[in-house]
Amino acid sequence: MRIGLITPEPGHPLLADTNALLTAEHEVEALDPVAAARASLPRILADVYLLKSRTPQALEFARALERRGAPVINTAAATALCQDRTEMAGLALRAGLPFAATRTVGALGAWARRARPAAPVVVKSRLSRRGDLVARADDPVRLRELARDWPREPVVVQEYAPNNGWDHKLWAIGDRVFSALRRSELSPGGRGPTRPLAPDELPGGWADLVRRVGAVFALDVYGVDIIDTGGGTPLIVDVNAFPGIRGQSGAPEALAALALHRATAARGRGAAGCAASGG
């Protein structure tokens, strides 16, 4: 099989370990999204591509591959949707998922001048990206401080949900769910270290909830951030396409198996198509 990695960081631990598992019997090629977007598509495509980048160039390249019939994990459309927190929340809530109620308010500076939140709120950049804004504001003073630093930033606002200060970091590769605990960046002490958490230690139904998120968002490799609002009641606060999933035993093996399964299925469809056409 031929597997393409669409990423500017082929040395990322998850990808590097997956590559090591695959290269003994398969061909793996890393494709830098910027260079790939500028070049013509190869005449012979890989059997499957893993999209570990969210840049415009990477999404453009993935869409071009999909138009040629190549399977991409995750699709460009699903990856792009997870970057827009307005679209993300809308889809989740329409599907009945326990997602944080989210308002889109436009530029932070203009909204903060007239806003008078009656309770603590969480302010987030509308477009999810590295180094984006995610902050808690307990009063108008803090809100104006954020607005001074991010006056033109398009943002969404969520009511702060009381919790124990720990984010449940849940990741899925296909049907396999991985989990950890991380001190929330919104807690008074700021983000802390990640602690291991076995999937069987999760509250009942959470693993199935993660898989439902994958079905709703059409994702195969993804992360779901959940907080416990009391008694094991989950509240989803974020969904990420193809996150790092660092330090999770079995994750590289799951990703390698998913890639090969998807590649085999694609070859089977191609062979069936040739047979049906008499080729």
# chains A, B, ... in the order shown; residues from 1 in each chain; ligands from 1

call {"tool": "closest_atom_pairs", "arguments": {"of": "region 121-199 of chain A", "to": "region 53-61 of chain A", "cutoff": "12 Å", "atoms": "only C-alpha atoms", "output": "tab-separated table"}}
result
residue	atom	partner	partner_atom	distance
A:Leu127	CA	A:Arg54	CA	11.2
A:Ser128	CA	A:Arg54	CA	9.7
A:Arg129	CA	A:Arg54	CA	8.3
A:Arg130	CA	A:Arg54	CA	10.0

call {"tool": "write_last_selection", "arguments": {"atoms": "all heavy atoms", "output": "CSV table (one decimal), in the first residue's frame"}}
result
chain,number,residue,atom,x,y,z
A,127,LEU,N,-12.3,31.3,14.9
A,127,LEU,CA,-11.6,30.3,14.1
A,127,LEU,C,-10.5,29.7,14.9
A,127,LEU,O,-9.6,30.4,15.4
A,127,LEU,CB,-10.9,31.0,12.9
A,127,LEU,CG,-11.9,31.6,11.9
A,127,LEU,CD1,-11.2,32.2,10.7
A,127,LEU,CD2,-12.9,30.5,11.4
A,128,SER,N,-10.6,28.4,15.1
A,128,SER,CA,-9.7,27.7,16.0
A,128,SER,C,-8.3,27.5,15.2
A,128,SER,O,-8.3,27.2,14.1
A,128,SER,CB,-10.2,26.3,16.2
A,128,SER,OG,-9.3,25.5,16.9
A,129,ARG,N,-7.2,27.9,15.9
A,129,ARG,CA,-5.9,27.8,15.3
A,129,ARG,C,-4.9,27.9,16.5
A,129,ARG,O,-5.2,28.2,17.6
A,129,ARG,CB,-5.7,29.0,14.4
A,129,ARG,CG,-5.7,30.3,15.0
A,129,ARG,CD,-5.9,31.4,14.0
A,129,ARG,NE,-5.8,32.7,14.6
A,129,ARG,CZ,-6.8,33.4,15.2
A,129,ARG,NH1,-8.0,32.8,15.3
A,129,ARG,NH2,-6.7,34.6,15.7
A,130,ARG,N,-3.7,27.6,16.2
A,130,ARG,CA,-2.6,27.6,17.2
A,130,ARG,C,-2.4,29.1,17.7
A,130,ARG,O,-2.4,30.0,16.9
A,130,ARG,CB,-1.3,27.1,16.6
A,130,ARG,CG,-0.2,27.0,17.6
A,130,ARG,CD,1.0,26.3,17.0
A,130,ARG,NE,0.7,24.9,16.5
A,130,ARG,CZ,1.6,24.1,15.9
A,130,ARG,NH1,2.8,24.6,15.6
A,130,ARG,NH2,1.3,22.9,15.6

call {"tool": "atom_distance", "arguments": {"atom1": "CA of Thr264 (chain A)", "atom2": "CA of Leu14 (chain A)"}}
result
21.7 Å

call {"tool": "atom_distance", "arguments": {"atom1": "CA of Val221 (chain A)", "atom2": "CA of Ser184 (chain A)"}}
result
22.4 Å

call {"tool": "select_by_dssp", "arguments": {"residues": "region 124-153 of chain A", "states": "alpha helix (DSSP H)", "output": "list of chain:residue names"}}
result
A:Pro140, A:Val141, A:Arg142, A:Leu143, A:Arg144, A:Glu145, A:Leu146, A:Ala147, A:Arg148, A:Asp149

call {"tool": "atom_distance", "arguments": {"atom1": "CA of Ala62 (chain A)", "atom2": "CA of His261 (chain A)"}}
result
19.1 Å

call {"tool": "residues_around", "arguments": {"residues": "region 65-68 of chain A", "least_positions_apart": "6", "cutoff": "9 Å", "atoms": "only C-alpha atoms", "output": "ChimeraX atom specification"}}
result
/A:41,45,49,75-76

call {"tool": "residues_around", "arguments": {"residues": "Ala259 (chain A)", "least_positions_apart": "5", "cutoff": "9 Å", "atoms": "only C-alpha atoms", "output": "PyMOL selection string"}}
result
chain A and resi 3+47-50+73+254+264

call {"tool": "write_last_selection", "arguments": {"atoms": "all heavy atoms", "output": "JSON list (two decimals), in the first residue's frame"}}
result
[["chain", "number", "residue", "atom", "x", "y", "z"],
["A", 3, "ILE", "N", 0.86, 5.15, 1.31],
["A", 3, "ILE", "CA", 0.20, 6.05, 2.26],
["A", 3, "ILE", "C", 0.87, 7.41, 2.19],
["A", 3, "ILE", "O", 2.10, 7.50, 2.27],
["A", 3, "ILE", "CB", 0.25, 5.50, 3.70],
["A", 3, "ILE", "CG1", -0.49, 4.18, 3.81],
["A", 3, "ILE", "CG2", -0.35, 6.50, 4.68],
["A", 3, "ILE", "CD1", 0.37, 2.96, 3.73],
["A", 47, "ASP", "N", -2.79, 5.23, -1.96],
["A", 47, "ASP", "CA", -4.04, 4.52, -1.68],
["A", 47, "ASP", "C", -4.87, 5.24, -0.62],
["A", 47, "ASP", "O", -6.08, 5.09, -0.57],
["A", 47, "ASP", "CB", -3.72, 3.10, -1.22],
["A", 47, "ASP", "CG", -3.07, 2.28, -2.32],
["A", 47, "ASP", "OD1", -3.74, 2.00, -3.32],
["A", 47, "ASP", "OD2", -1.87, 1.95, -2.19],
["A", 48, "VAL", "N", -4.20, 6.01, 0.24],
["A", 48, "VAL", "CA", -4.90, 6.78, 1.27],
["A", 48, "VAL", "C", -3.98, 7.90, 1.72],
["A", 48, "VAL", "O", -2.74, 7.77, 1.66],
["A", 48, "VAL", "CB", -5.30, 5.88, 2.47],
["A", 48, "VAL", "CG1", -4.08, 5.38, 3.23],
["A", 48, "VAL", "CG2", -6.26, 6.60, 3.40],
["A", 49, "TYR", "N", -4.58, 8.99, 2.16],
["A", 49, "TYR", "CA", -3.82, 10.13, 2.68],
["A", 49, "TYR", "C", -4.30, 10.46, 4.09],
["A", 49, "TYR", "O", -5.51, 10.40, 4.37],
["A", 49, "TYR", "CB", -4.00, 11.37, 1.79],
["A", 49, "TYR", "CG", -3.36, 11.23, 0.43],
["A", 49, "TYR", "CD1", -4.06, 10.64, -0.62],
["A", 49, "TYR", "CD2", -2.07, 11.69, 0.20],
["A", 49, "TYR", "CE1", -3.48, 10.51, -1.88],
["A", 49, "TYR", "CE2", -1.48, 11.57, -1.06],
["A", 49, "TYR", "CZ", -2.19, 10.97, -2.09],
["A", 49, "TYR", "OH", -1.61, 10.84, -3.32],
["A", 50, "LEU", "N", -3.35, 10.79, 4.97],
["A", 50, "LEU", "CA", -3.67, 11.25, 6.32],
["A", 50, "LEU", "C", -3.44, 12.75, 6.38],
["A", 50, "LEU", "O", -2.32, 13.22, 6.13],
["A", 50, "LEU", "CB", -2.78, 10.55, 7.35],
["A", 50, "LEU", "CG", -2.83, 9.01, 7.36],
["A", 50, "LEU", "CD1", -1.92, 8.46, 8.46],
["A", 50, "LEU", "CD2", -4.25, 8.50, 7.53],
["A", 73, "ILE", "N", -8.10, 11.07, 5.20],
["A", 73, "ILE", "CA", -8.48, 10.97, 6.62],
["A", 73, "ILE", "C", -7.82, 12.12, 7.38],
["A", 73, "ILE", "O", -6.61, 12.19, 7.44],
["A", 73, "ILE", "CB", -8.00, 9.64, 7.23],
["A", 73, "ILE", "CG1", -8.54, 8.43, 6.46],
["A", 73, "ILE", "CG2", -8.35, 9.55, 8.70],
["A", 73, "ILE", "CD1", -7.95, 7.11, 6.91],
["A", 254, "ALA", "N", -3.30, 1.91, 16.13],
["A", 254, "ALA", "CA", -4.67, 2.15, 15.67],
["A", 254, "ALA", "C", -4.69, 2.98, 14.39],
["A", 254, "ALA", "O", -5.49, 2.72, 13.48],
["A", 254, "ALA", "CB", -5.48, 2.84, 16.77],
["A", 264, "THR", "N", -7.30, -0.40, 1.74],
["A", 264, "THR", "CA", -7.80, -1.66, 1.19],
["A", 264, "THR", "C", -9.21, -1.51, 0.66],
["A", 264, "THR", "O", -9.55, -2.01, -0.41],
["A", 264, "THR", "CB", -7.75, -2.75, 2.27],
["A", 264, "THR", "OG1", -6.40, -2.92, 2.73],
["A", 264, "THR", "CG2", -8.26, -4.08, 1.73]]

call {"tool": "residues_around", "arguments": {"residues": "Asp225 (chain A)", "least_positions_apart": "4", "cutoff": "12 Å", "atoms": "only C-alpha atoms", "output": "ChimeraX atom specification"}}
result
/A:98-100,166-172,178-184,206,209-210,213,234-241,243

call {"tool": "write_last_selection", "arguments": {"atoms": "N, CA and C atoms", "output": "CSV table (one decimal), in the first residue's frame"}}
result
chain,number,residue,atom,x,y,z
A,98,PRO,N,-24.4,17.1,23.8
A,98,PRO,CA,-24.4,18.0,25.0
A,98,PRO,C,-23.2,19.0,24.8
A,99,PHE,N,-23.4,19.9,23.9
A,99,PHE,CA,-22.3,20.9,23.6
A,99,PHE,C,-22.7,22.2,24.3
A,100,ALA,N,-21.6,23.0,24.6
A,100,ALA,CA,-21.8,24.2,25.3
A,100,ALA,C,-22.6,25.2,24.4
A,166,TRP,N,-10.7,20.3,35.6
A,166,TRP,CA,-10.0,19.4,34.8
A,166,TRP,C,-10.7,19.2,33.5
A,167,ASP,N,-10.0,19.2,32.4
A,167,ASP,CA,-10.5,18.9,31.1
A,167,ASP,C,-10.3,17.4,30.8
A,168,HIS,N,-11.4,16.7,30.4
A,168,HIS,CA,-11.2,15.3,29.9
A,168,HIS,C,-10.8,15.4,28.5
A,169,LYS,N,-9.6,15.0,28.2
A,169,LYS,CA,-9.1,15.0,26.8
A,169,LYS,C,-9.4,13.6,26.2
A,170,LEU,N,-10.3,13.5,25.3
A,170,LEU,CA,-10.7,12.2,24.7
A,170,LEU,C,-10.3,12.3,23.2
A,171,TRP,N,-9.7,11.2,22.8
A,171,TRP,CA,-9.3,11.1,21.4
A,171,TRP,C,-9.9,9.8,20.8
A,172,ALA,N,-10.1,9.8,19.5
A,172,ALA,CA,-10.6,8.6,18.8
A,172,ALA,C,-9.8,8.4,17.5
A,178,PHE,N,-9.2,6.9,23.3
A,178,PHE,CA,-8.1,7.1,24.3
A,178,PHE,C,-8.5,8.3,25.1
A,179,SER,N,-7.9,8.4,26.3
A,179,SER,CA,-8.3,9.4,27.2
A,179,SER,C,-7.2,9.9,28.2
A,180,ALA,N,-7.3,11.1,28.7
A,180,ALA,CA,-6.4,11.7,29.7
A,180,ALA,C,-7.1,12.8,30.4
A,181,LEU,N,-6.5,13.3,31.4
A,181,LEU,CA,-7.0,14.4,32.2
A,181,LEU,C,-5.9,15.5,32.1
A,182,ARG,N,-6.4,16.8,31.8
A,182,ARG,CA,-5.5,17.9,31.8
A,182,ARG,C,-6.1,19.1,32.6
A,183,ARG,N,-5.3,19.7,33.4
A,183,ARG,CA,-5.7,20.9,34.1
A,183,ARG,C,-6.1,21.9,33.1
A,184,SER,N,-7.3,22.5,33.3
A,184,SER,CA,-7.9,23.4,32.3
A,184,SER,C,-7.1,24.7,32.3
A,206,TRP,N,-19.5,7.9,28.2
A,206,TRP,CA,-18.7,8.9,27.6
A,206,TRP,C,-17.9,8.4,26.3
A,209,LEU,N,-20.3,8.5,23.6
A,209,LEU,CA,-20.6,9.8,23.2
A,209,LEU,C,-19.5,10.3,22.3
A,210,VAL,N,-18.2,10.0,22.5
A,210,VAL,CA,-17.1,10.4,21.7
A,210,VAL,C,-17.4,9.8,20.3
A,213,VAL,N,-19.9,11.7,18.4
A,213,VAL,CA,-19.3,12.9,17.9
A,213,VAL,C,-18.7,12.7,16.5
A,234,PRO,N,-21.7,15.1,31.2
A,234,PRO,CA,-20.7,15.7,30.3
A,234,PRO,C,-21.1,17.0,29.6
A,235,LEU,N,-20.2,17.9,29.3
A,235,LEU,CA,-20.4,19.0,28.5
A,235,LEU,C,-19.3,19.1,27.5
A,236,ILE,N,-19.6,19.0,26.2
A,236,ILE,CA,-18.5,19.1,25.2
A,236,ILE,C,-18.2,20.6,25.0
A,237,VAL,N,-16.9,20.9,25.0
A,237,VAL,CA,-16.5,22.3,24.8
A,237,VAL,C,-15.7,22.5,23.5
A,238,ASP,N,-15.2,21.4,22.9
A,238,ASP,CA,-14.4,21.6,21.7
A,238,ASP,C,-14.3,20.2,21.0
A,239,VAL,N,-14.2,20.3,19.7
A,239,VAL,CA,-13.9,19.1,18.8
A,239,VAL,C,-12.8,19.5,17.9
A,240,ASN,N,-11.8,18.6,17.8
A,240,ASN,CA,-10.6,18.9,17.0
A,240,ASN,C,-10.4,17.8,16.0
A,241,ALA,N,-10.1,18.1,14.7
A,241,ALA,CA,-9.7,17.2,13.7
A,241,ALA,C,-8.2,16.8,13.8
A,243,PRO,N,-5.9,15.6,16.1
A,243,PRO,CA,-5.0,16.2,17.1
A,243,PRO,C,-3.8,15.4,17.3

call {"tool": "residues_around", "arguments": {"residues": "region 138-151 of chain A", "least_positions_apart": "3", "cutoff": "6 Å", "atoms": "only C-alpha atoms", "output": "VMD selection string"}}
result
chain A and resid 108 to 109 112 120
